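Chemist: Below you will find the structure I want to go over with you.
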Amino acid sequence: MPKIPIALTINGEPHEVLVEPDRTLLDVLRSDLGLTGTKTNCLDAECGVCTVLVDGLAVNSCLYLAVVATGRAITTIEGLASAGGLHPLQAAFVEHGAVQCGYCIPGMILSAKAYLDEHPHPSELQIREALAGNLCRCTGYQKIVDAVLAAARRMAATAVAS
Amino acid sequence: MSPGTRVAGHSLPRLDAPGKVTGTAVYAADFALPGMLYGKVFRSGQPHARLVRLDTARAEAVAGVRAIVTAADAADIRYGAAVRDEPVFASDVVRYVGQPVAAVAAVTPEAAEAALAAIEAMYEPRPPVLDLAAALAPGAPLVHEAWRSYTAIPILQRDGNVCNRARIVVGDVERGWVEADRIFEHRFTTAMVHQGYTEPRAAVAAWDSSGQVTVWSNTQLPFDVQATLADILGVLPSKVRIIVPGVGGGFGGKLRIGVEHFAAMLARKSGRPVKVMTTSEEELTAAYPRQGTVIELKTGVTRDGRLTARQGRIYFDTGAFAGSGPGVASVATMVLAGPYRTPNLHLEGYAVYTNKTNCGSYRAPSGPQANFAVESQMDIIADALGIDPLELRLRNIVREGDEGPTGQVLSAVGLEECLRRAADAIGWTERRPGPGRGKGLACGWWTTTGGSSGVYVKINPDGTVTLNTGAVEIGTAALTGAAQVLAEALGVDLSDITIVSGDTFSTPFDFGAQGSRTAFAVGNACRAAAAELQRKLFALAAPQLGTAEETLELRDKHVVGPAGRVSLAELARQSQATGGGMIAHGTFIAPGTPYDTKRVEGHVYPAFHSPSFHAHAVDLSVDTETGEVTIHKYVVAQDVGFALNPTYIEGQIEGGVAQGLGQTLSEEIVYRDGRVLNANLTDYKMPTTLDVPRIESILVEHPGRVGPFGAKGVGEPPNVEPPAAVANAIASAVGARVTSLPITAEKIVLGHLREVADGAR
């Protein structure tokens with residue numbers, strides 16, 4: 001299959017890559033760009049470890065074609081922390097013991113971010129619904145949900161303060 | 001929170017958390033080398049057949065293919081932890097759908113897939129052995145006709161399709177039946193289930209010019225894989241280096257060699273680094289899942305609920321190769337005894353070959369299955385005798401100084417406290433609070449696996465500490481727990497410690513991430529290393545402080561004397577200048593647990609070391625129309641001995657229960673005619689955020705004699721009781737006693753309808 005050049009904006013940085021049109025965003029992120037913070041597993045949008053944000057929406061990058069991402073803003077886990085430190089979600093996951101093996105965590109954090117950006121005052125049930133597409137086998141989800149609730153409060157407070 | 005300690009016993013964040021939340025932690029699945037090829041495995045499409053022809057010529061010609069390996073390229077050996085019965089590739093006979101037959105390396109995964117499609121295999125089907133009943137039937141076809149010729153652990157009791165029969169005999173069950181007022185007999189079944197780790201098994205292998213192969217793998221047991229791989233490759237173990245980057249969950253499924261040998265053989269043949277990673281379909285058809293079982297349980301009791309005898313048989317469908325089966329069958333007999341005083345026992349565990357995938361170890365191997373039978377039957381007995389289930393248990397549980405089933409003397413037995421606190425926490429006095437709602441209990445015991453652990457601990461010239469361990473962090477935070485023990489002993493902070501782990505060339509030996517042992521064993525090795533470092537530090541510091549070594553102590557990153565102190569950093573710098581650096585080797589081997597050897601036969605796990613005790617209690621509702629179960633409250637009271645890090649112990653409990661609820665209510669690898677019907681994550685139903693309730697953890701602390709600060713193993717136990725606790729609550733709620741896992745909605749509704757019909761008669 002002939003390759004075509006595409007321009008991707010990932011975590012605010014422009015990237016030009018030459019890819020076959022059937023390549024997934026997940027594959028391009030991991031194999032071409034070395035951004036392995038986005039994880040790979042079922043390749044069938046069943047487990048959620050590959051979740052990234054495209055224009056702020058959480059997508060399963062394992063079924064999302066790289067060419068479709070052209071011209072859109074892609075956020076991966078590598079783009080969440082700033083020079084000032086961890087994103088409030090990342091900090092809350094550390095503080096609440098929400099991380100065990102950690103393999104689902106990048107996807108989990110990005111799914112949570114996409115939801116919180118639209119719903120700054122979620123209930124526990126809403127968080128659970130937002131994360132239902134992200135499987136975690138280690139934690140039983142409790143500390144993950146607690147971490148997202150805590151991060152939501154912190155982010156909402158910061159938003160009010162600013 | 002422990003007031004007497006600074007670091008151990010405190011809920012501090014794990015050391016690897018920042019890397020995991022920022023995406024910088026590297027897992028085996030992430031690992032890549034320049035010029036790397038991608039390997040894929042060609043697998044049997046038949047459950048039992050003679051492989052009459054294998055033609056790879058067309059596959060060799062596929063563009064991008066660089067190497068194909070088959071049995072012709074592999075050493076003519078069989079491997080296996082208990083029975084050496086498994087070949088690298090099938091050559092003459094295939095024994096399950098999914099058995100490796102060949103492997104391909106190509107420049108892209110797509111090219112490798114195309115090559116798999118071009119491999120031609122012709123089979124001559126043989127009668128398959130599709131389940132336990134078929135395998136055990138008189139005159140059943142043998143899964144391994146040459147079973148006698150296989151090398152095995154000598155004590156195993158093997159016979160045809162049975163690759164071990166483990167047995168515990170205590171007293172005389174016949175006498176026990178006579179002493180009993182009532183005898184209860186039940187049969188239970190449980191399904192094959194998968195560990196469900198989110199990171200597939202992955203390995204990258206590369207050879208160097210000296211004939212050494214390095215494999216980056218997500219195994220839980222790097223030293224075990226090193227030995228197996230050396231055998232398979234026909235090289236010395238010193239030519240095999242296993243390095244474990246991050247591991248995305250294991251739960252026992254990544255103990256034994258998985259894809260490392262395929263990567264190494266393909267890399268050798270192609271002369272390029274090769275990466276092999278499993279697909280979800282491969283995981284659900286050709287991994288090391290938990291064995292399905294059939295359990296027959298017969299228990300005698302007096303009118304007042306005293307156990308007089310128990311006879312139990314548990315049959316494990318271990319698949320085409322023994323895998324962990326012989327050991328799991330042994331452990332199961334310990335669980336079948338229950339945490340109860342029973343004077344007469346006759347307990348047997350059978351590991352049985354069938355033409356299915358090779359089963360392995362899954363968190364508390366045999367625990368959930370055997371406990372499901374034991375604890376379901378305890379509730380049936382309680383109901384029949386008109387005794388409260390909690391009371392029946394309290395009348396029979398083991399207590400301090402009692403004997404376990406094989407005669408080991410039990411100590412630090414926190415079971416009564418666990419039972420009472422779990423029951424209290426769900427309001428046990430009101431067992432059926434409303435229509436369709438009920439509460440259930442289950443209790444159990446589990447082992448802390450021994451084995452040896454070594455660590456090197458180095459104090460760096462800036463005063464920080466490097467902990468070098470052969471253990472592997474699979475997610476439990478066990479190495480953070482061990483580091484807390486080390487920080488406590490050295491008088492430093494947890495954040496001063498950096499962990500280097502899991503490299504068979506540069507880290508000391510460790511028995512591996514299995515059996516709830518890592519924090520326990522590595523923690524104790526850390527204590528030993530800290531003691532040695534203290535000796536060296538004091539010897540160096542005493543003359544400088546003008547005092548005797550006996551007057552010194554380690555505190556606040558200093559050696560402190562009566563009239564002055566010197567920092568660890570300074571002492572490490574001095575040691576670098578004069579003594580080769582401040583380093584110590586610490587080791588630990590769990591002491592043996594004495595037991596009565598006359599009580600066991602074919603048994604490879606005859607005592608539970610530093611056993612833990614636990615109780616689960618659940619309050620739930622059942623919709624009798626749909627069979628849907630809603631859990632209102634789930635409580636775990638677990639005797640952890642000493643809570644090294646309460647947050648992560650809660651995490652083990654919450655995760656163990658979630659996994660247990662999956663096995664209880666929804667998970668099953670469904671076989672039909674030797675083929676898996678649901679080899680994907682939509683049809684293999686693991687619990688999501690919407691399926692797992694909040695879980696309340698009660699950490700009970702009856703300190704053991706061996707573990708650091710009295711700690712016992714905590715990782716596996718929470719997975720033991722969920723099936724029984726939930727089954728008992730469902731029976732309490734709607735009268736339906738479901739004796740087979742998973743307890744699907746269909747089974748509940750059918751069971752309820754039967755109850756209603758029985759009630760009407």
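In the structure tokens, the first chain shown is A, the next is B, and so on; residue numbers restart at 1 for each chain, and ligands run from 1 in the order shown.
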What are the closest atom pairs, with distances in Å to one decimal, for each residue of chain A lying within 8 Å of chain B, using only C-alpha atoms, rows by chain and rising residue number, as JSON lines?
Modeler:
{"residue": "A:Arg30", "atom": "CA", "partner": "B:Asp30", "partner_atom": "CA", "distance": 7.9}
{"residue": "A:Thr36", "atom": "CA", "partner": "B:Asp30", "partner_atom": "CA", "distance": 5.8}
{"residue": "A:Gly37", "atom": "CA", "partner": "B:Gly23", "partner_atom": "CA", "distance": 3.8}
{"residue": "A:Thr38", "atom": "CA", "partner": "B:Gly23", "partner_atom": "CA", "distance": 7.1}
{"residue": "A:Lys39", "atom": "CA", "partner": "B:Asp30", "partner_atom": "CA", "distance": 7.8}
{"residue": "A:Thr40", "atom": "CA", "partner": "B:Glu199", "partner_atom": "CA", "distance": 7.4}
{"residue": "A:Asn41", "atom": "CA", "partner": "B:Glu199", "partner_atom": "CA", "distance": 6.0}
{"residue": "A:Cys42", "atom": "CA", "partner": "B:Ser280", "partner_atom": "CA", "distance": 5.4}
{"residue": "A:Glu46", "atom": "CA", "partner": "B:Leu681", "partner_atom": "CA", "distance": 5.9}
{"residue": "A:Cys47", "atom": "CA", "partner": "B:Leu681", "partner_atom": "CA", "distance": 7.2}
{"residue": "A:Val49", "atom": "CA", "partner": "B:Thr198", "partner_atom": "CA", "distance": 7.7}
{"residue": "A:Ile77", "atom": "CA", "partner": "B:Gly23", "partner_atom": "CA", "distance": 5.8}
{"residue": "A:Glu78", "atom": "CA", "partner": "B:Gly23", "partner_atom": "CA", "distance": 5.8}
{"residue": "A:Leu80", "atom": "CA", "partner": "B:Thr22", "partner_atom": "CA", "distance": 7.4}
{"residue": "A:Ala81", "atom": "CA", "partner": "B:Thr22", "partner_atom": "CA", "distance": 7.0}
{"residue": "A:Leu86", "atom": "CA", "partner": "B:Thr22", "partner_atom": "CA", "distance": 7.9}
{"residue": "A:Gln90", "atom": "CA", "partner": "B:Val21", "partner_atom": "CA", "distance": 5.6}
{"residue": "A:Phe93", "atom": "CA", "partner": "B:Val21", "partner_atom": "CA", "distance": 7.4}
{"residue": "A:Val94", "atom": "CA", "partner": "B:Ala17", "partner_atom": "CA", "distance": 5.8}
{"residue": "A:Glu95", "atom": "CA", "partner": "B:Pro13", "partner_atom": "CA", "distance": 6.2}
{"residue": "A:His96", "atom": "CA", "partner": "B:Thr647", "partner_atom": "CA", "distance": 7.9}
{"residue": "A:Gly97", "atom": "CA", "partner": "B:Thr647", "partner_atom": "CA", "distance": 6.2}
{"residue": "A:Ala98", "atom": "CA", "partner": "B:Gly651", "partner_atom": "CA", "distance": 7.8}
{"residue": "A:Val99", "atom": "CA", "partner": "B:Ala17", "partner_atom": "CA", "distance": 6.5}
{"residue": "A:Gln100", "atom": "CA", "partner": "B:Gly475", "partner_atom": "CA", "distance": 4.4}
{"residue": "A:Cys101", "atom": "CA", "partner": "B:Gly475", "partner_atom": "CA", "distance": 3.5}
{"residue": "A:Gly102", "atom": "CA", "partner": "B:Lys20", "partner_atom": "CA", "distance": 5.4}
{"residue": "A:Tyr103", "atom": "CA", "partner": "B:Gly248", "partner_atom": "CA", "distance": 5.0}
{"residue": "A:Cys104", "atom": "CA", "partner": "B:Thr198", "partner_atom": "CA", "distance": 6.8}
{"residue": "A:Ile105", "atom": "CA", "partner": "B:Val21", "partner_atom": "CA", "distance": 6.3}
{"residue": "A:Pro106", "atom": "CA", "partner": "B:Val21", "partner_atom": "CA", "distance": 6.2}
{"residue": "A:Ile109", "atom": "CA", "partner": "B:Val21", "partner_atom": "CA", "distance": 7.9}
{"residue": "A:Arg128", "atom": "CA", "partner": "B:Thr689", "partner_atom": "CA", "distance": 5.2}
{"residue": "A:Glu129", "atom": "CA", "partner": "B:Leu690", "partner_atom": "CA", "distance": 6.7}
{"residue": "A:Leu131", "atom": "CA", "partner": "B:Thr689", "partner_atom": "CA", "distance": 6.5}
{"residue": "A:Ala132", "atom": "CA", "partner": "B:Thr689", "partner_atom": "CA", "distance": 5.2}
{"residue": "A:Gly133", "atom": "CA", "partner": "B:Thr688", "partner_atom": "CA", "distance": 7.4}
{"residue": "A:Asn134", "atom": "CA", "partner": "B:Thr688", "partner_atom": "CA", "distance": 7.4}
{"residue": "A:Leu135", "atom": "CA", "partner": "B:Thr688", "partner_atom": "CA", "distance": 5.9}
{"residue": "A:Cys136", "atom": "CA", "partner": "B:Thr198", "partner_atom": "CA", "distance": 7.1}
{"residue": "A:Arg137", "atom": "CA", "partner": "B:Tyr197", "partner_atom": "CA", "distance": 6.1}
{"residue": "A:Cys138", "atom": "CA", "partner": "B:Gly655", "partner_atom": "CA", "distance": 4.9}
{"residue": "A:Thr139", "atom": "CA", "partner": "B:Gly655", "partner_atom": "CA", "distance": 4.2}
{"residue": "A:Gly140", "atom": "CA", "partner": "B:Gly655", "partner_atom": "CA", "distance": 4.1}
{"residue": "A:Tyr141", "atom": "CA", "partner": "B:Thr689", "partner_atom": "CA", "distance": 6.0}
{"residue": "A:Gln142", "atom": "CA", "partner": "B:Arg694", "partner_atom": "CA", "distance": 6.2}
{"residue": "A:Lys143", "atom": "CA", "partner": "B:Gly651", "partner_atom": "CA", "distance": 7.5}
Chemist: For Thr9 of chain A, list every protein, DNA or RNA residue within 6 Å, evaluated using only C-alpha atoms, and leave out those in the same chain fewer than 2 positions away; present the list as a ChimeraX atom specification.
Modeler: /A:12-14,73-74
Chemist: Can you write out the residues you just picked, keeping C-alpha atoms, as a tab-separated table (two decimals), in the first residue's frame?
Modeler:
chain	number	residue	atom	x	y	z
A	12	GLY	CA	0.99	20.71	20.79
A	13	GLU	CA	3.95	19.68	18.65
A	14	PRO	CA	3.76	19.23	14.87
A	73	ALA	CA	-5.22	18.12	18.24
A	74	ILE	CA	-4.04	14.84	19.70
Chemist: Might you pull out every residue within 8 Å of segment 410-424 of chain B, with only C-alpha atoms counted and same-chain residues fewer than 5 positions away left off, and present them as a short mmCIF file (atom, residue, chain, number, x, y, z; two decimals) with C-alpha atoms, in the first residue's frame?
Modeler:
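Contents of result15.cif, freshly written:
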data_model
loop_
_atom_site.label_atom_id
_atom_site.label_comp_id
_atom_site.auth_asym_id
_atom_site.auth_seq_id
_atom_site.Cartn_x
_atom_site.Cartn_y
_atom_site.Cartn_z
CA LEU B 390 -21.54 -17.48 61.38
CA LEU B 394 -17.20 -20.14 64.95
CA ILE B 397 -12.67 -22.73 63.05
CA VAL B 398 -9.03 -23.32 63.86
CA ARG B 399 -7.54 -21.32 66.68
CA GLU B 400 -4.11 -20.54 68.07
CA GLY B 401 -2.06 -23.72 68.49
CA ASP B 402 -4.44 -25.96 66.54
CA GLU B 403 -3.18 -28.32 63.88
CA GLY B 404 -3.64 -27.71 60.18
CA THR B 429 -27.95 -9.87 62.67
CA LEU B 441 -20.25 -15.02 54.52
CA CYS B 443 -13.91 -17.57 55.30
CA PRO B 611 -0.75 -18.68 56.79
CA SER B 612 -3.19 -15.83 56.51
CA PHE B 613 -6.86 -16.01 57.54
CA HIS B 614 -9.73 -14.01 56.14
CA ALA B 615 -13.48 -13.58 55.93
CA HIS B 616 -15.65 -11.94 53.27
CA ALA B 617 -19.19 -10.73 53.84
CA VAL B 635 -16.59 -6.33 53.24
CA VAL B 636 -13.25 -8.10 53.56
CA ALA B 637 -11.59 -8.68 56.91
CA GLN B 638 -8.13 -10.04 56.29
CA ASP B 639 -5.45 -10.93 58.79
CA GLY B 641 -0.13 -9.84 60.16
CA ILE B 698 -10.72 -4.31 57.43
CA VAL B 700 -6.66 -7.37 60.99
CA GLU B 701 -3.16 -7.65 62.43
CA HIS B 702 -2.09 -10.81 64.23
CA PRO B 703 1.68 -10.63 63.60
CA GLY B 704 3.33 -13.76 62.26
#
Chemist: Please measure the separation of atom CA of Gly98 of chain B and atom CA of Ala63 of chain B, giving the value in Å to one decimal.
Modeler: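 We find that atom CA of Gly98 of chain B and atom CA of Ala63 of chain B lie 25.2 Å from each other.
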Chemist: Neighbouring residues of segment 129-133 of chain B were defined as those with any atom within 10 Å, considering only C-alpha atoms; residues of the same chain fewer than 3 positions away were excluded. Please report them as a PDB file with C-alpha atoms, in the first residue's frame.
Modeler:
ATOM      1  CA  PRO B  47      -7.811 -30.432  19.507  1.00  0.00           C
ATOM      2  CA  HIS B  48      -6.151 -33.811  18.983  1.00  0.00           C
ATOM      3  CA  ARG B  95      -2.976 -31.795  21.626  1.00  0.00           C
ATOM      4  CA  TYR B  96      -5.051 -28.632  21.751  1.00  0.00           C
ATOM      5  CA  ARG B 126      -7.726 -38.413  16.678  1.00  0.00           C
ATOM      6  CA  LEU B 136     -11.451 -40.169  33.566  1.00  0.00           C
ATOM      7  CA  ALA B 137     -13.788 -42.649  31.881  1.00  0.00           C
ATOM      8  CA  PRO B 138     -12.551 -46.247  31.756  1.00  0.00           C
ATOM      9  CA  ALA B 140     -10.496 -43.100  27.755  1.00  0.00           C
ATOM     10  CA  PRO B 141      -8.095 -42.147  24.967  1.00  0.00           C
ATOM     11  CA  LEU B 142      -4.781 -41.024  26.431  1.00  0.00           C
ATOM     12  CA  VAL B 143      -3.810 -37.402  25.889  1.00  0.00           C
ATOM     13  CA  ASN B 161      -4.662 -38.977  32.009  1.00  0.00           C
ATOM     14  CA  GLY B 292     -12.009 -25.608  35.508  1.00  0.00           C
ATOM     15  CA  THR B 293     -12.906 -28.110  38.228  1.00  0.00           C
ATOM     16  CA  VAL B 294     -15.401 -30.658  39.437  1.00  0.00           C
ATOM     17  CA  TYR B 315     -10.583 -32.690  39.731  1.00  0.00           C
ATOM     18  CA  PHE B 316      -8.651 -30.090  37.764  1.00  0.00           C
ATOM     19  CA  ASP B 317      -9.031 -29.923  34.012  1.00  0.00           C
ATOM     20  CA  THR B 318      -5.400 -29.022  33.460  1.00  0.00           C
ATOM     21  CA  GLY B 319      -5.464 -29.208  29.690  1.00  0.00           C
ATOM     22  CA  ALA B 320      -3.010 -30.768  27.276  1.00  0.00           C
ATOM     23  CA  ALA B 351      -4.792 -32.967  37.884  1.00  0.00           C
ATOM     24  CA  VAL B 352      -6.235 -34.375  34.682  1.00  0.00           C
ATOM     25  CA  TYR B 353      -5.104 -34.054  31.078  1.00  0.00           C
ATOM     26  CA  THR B 354      -7.645 -33.028  28.421  1.00  0.00           C
ATOM     27  CA  ASN B 355      -7.289 -31.645  24.897  1.00  0.00           C
ATOM     28  CA  LYS B 356      -7.562 -28.027  25.960  1.00  0.00           C
ATOM     29  CA  TYR B 671     -15.131 -24.603  25.114  1.00  0.00           C
ATOM     30  CA  ARG B 672     -17.207 -26.531  22.630  1.00  0.00           C
ATOM     31  CA  ASP B 673     -15.785 -29.536  20.820  1.00  0.00           C
ATOM     32  CA  GLY B 674     -12.306 -28.500  21.891  1.00  0.00           C
ATOM     33  CA  ARG B 675     -12.598 -24.938  20.590  1.00  0.00           C
TER      34      ARG B 675
END
Chemist: Tell me, in Å to one decimal, how far atom CA of Arg431 of chain B is from atom CA of Ile380 of chain B.
Modeler: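 A separation of 14.9 Å between them.
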Chemist: Within 7 Å of Leu18 of chain A, counting only C-alpha atoms, which residues show up once you throw out same-chain ones fewer than 5 positions away? Write them as a list in words, please.
Modeler: Lys3, Ile4, Pro5 and Ile6 of chain A
Chemist: Those same residues - C-alpha atoms - I'd like them written as a PDB file, in the first residue's frame.
Modeler:
ATOM      1  CA  LYS A   3       2.431   5.697   1.855  1.00  0.00           C
ATOM      2  CA  ILE A   4       1.089   9.202   2.172  1.00  0.00           C
ATOM      3  CA  PRO A   5       2.469  12.098   4.183  1.00  0.00           C
ATOM      4  CA  ILE A   6       0.321  13.305   7.041  1.00  0.00           C
TER       5      ILE A   6
END
Chemist: Just want the 8 Å neighbourhood of Ala45 of chain A, counted on only C-alpha atoms, with same-chain residues fewer than 2 positions away dropped. Output as a PyMOL selection string.
Modeler: chain A and resi 42-43+47-48+60+62-63
Chemist: Residues of chain A classed as strand (DSSP E) by DSSP on the backbone are to be reported as a list in words.
Modeler: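 Here are the strand (DSSP E) residues of chain A: Ile4, Pro5, Ile6, Ala7, Leu8, Thr9, Ile10, Glu13, Pro14, His15, Glu16, Val17, Leu18, Val19, Thr51, Val52, Leu53, Val54, Leu57, Ala58, Val59, Asn60, Ala73, Ile74 and Thr75 of chain A.
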Chemist: How about saving the chosen residues, C-alpha atoms kept, as an mmCIF file, in the first residue's frame?
Modeler:
data_model
loop_
_atom_site.group_PDB
_atom_site.id
_atom_site.type_symbol
_atom_site.label_atom_id
_atom_site.label_comp_id
_atom_site.auth_asym_id
_atom_site.auth_seq_id
_atom_site.Cartn_x
_atom_site.Cartn_y
_atom_site.Cartn_z
ATOM 1 C CA ILE A 4 1.089 9.202 2.172
ATOM 2 C CA PRO A 5 2.469 12.098 4.183
ATOM 3 C CA ILE A 6 0.321 13.305 7.041
ATOM 4 C CA ALA A 7 0.751 16.122 9.537
ATOM 5 C CA LEU A 8 -0.185 15.371 13.114
ATOM 6 C CA THR A 9 -0.295 17.734 16.060
ATOM 7 C CA ILE A 10 0.539 15.732 19.136
ATOM 8 C CA GLU A 13 3.945 19.683 18.650
ATOM 9 C CA PRO A 14 3.755 19.226 14.868
ATOM 10 C CA HIS A 15 4.875 15.884 13.439
ATOM 11 C CA GLU A 16 5.110 14.854 9.807
ATOM 12 C CA VAL A 17 4.957 11.153 9.143
ATOM 13 C CA LEU A 18 4.747 8.992 6.049
ATOM 14 C CA VAL A 19 2.172 6.260 6.604
ATOM 15 C CA THR A 51 -7.216 5.769 24.787
ATOM 16 C CA VAL A 52 -5.971 9.167 23.580
ATOM 17 C CA LEU A 53 -7.715 12.497 23.126
ATOM 18 C CA VAL A 54 -8.551 13.791 19.654
ATOM 19 C CA LEU A 57 -12.608 13.553 22.881
ATOM 20 C CA ALA A 58 -11.461 10.184 24.192
ATOM 21 C CA VAL A 59 -10.963 7.697 21.360
ATOM 22 C CA ASN A 60 -9.631 4.167 21.119
ATOM 23 C CA ALA A 73 -5.221 18.122 18.238
ATOM 24 C CA ILE A 74 -4.038 14.839 19.699
ATOM 25 C CA THR A 75 -3.244 14.521 23.386
#
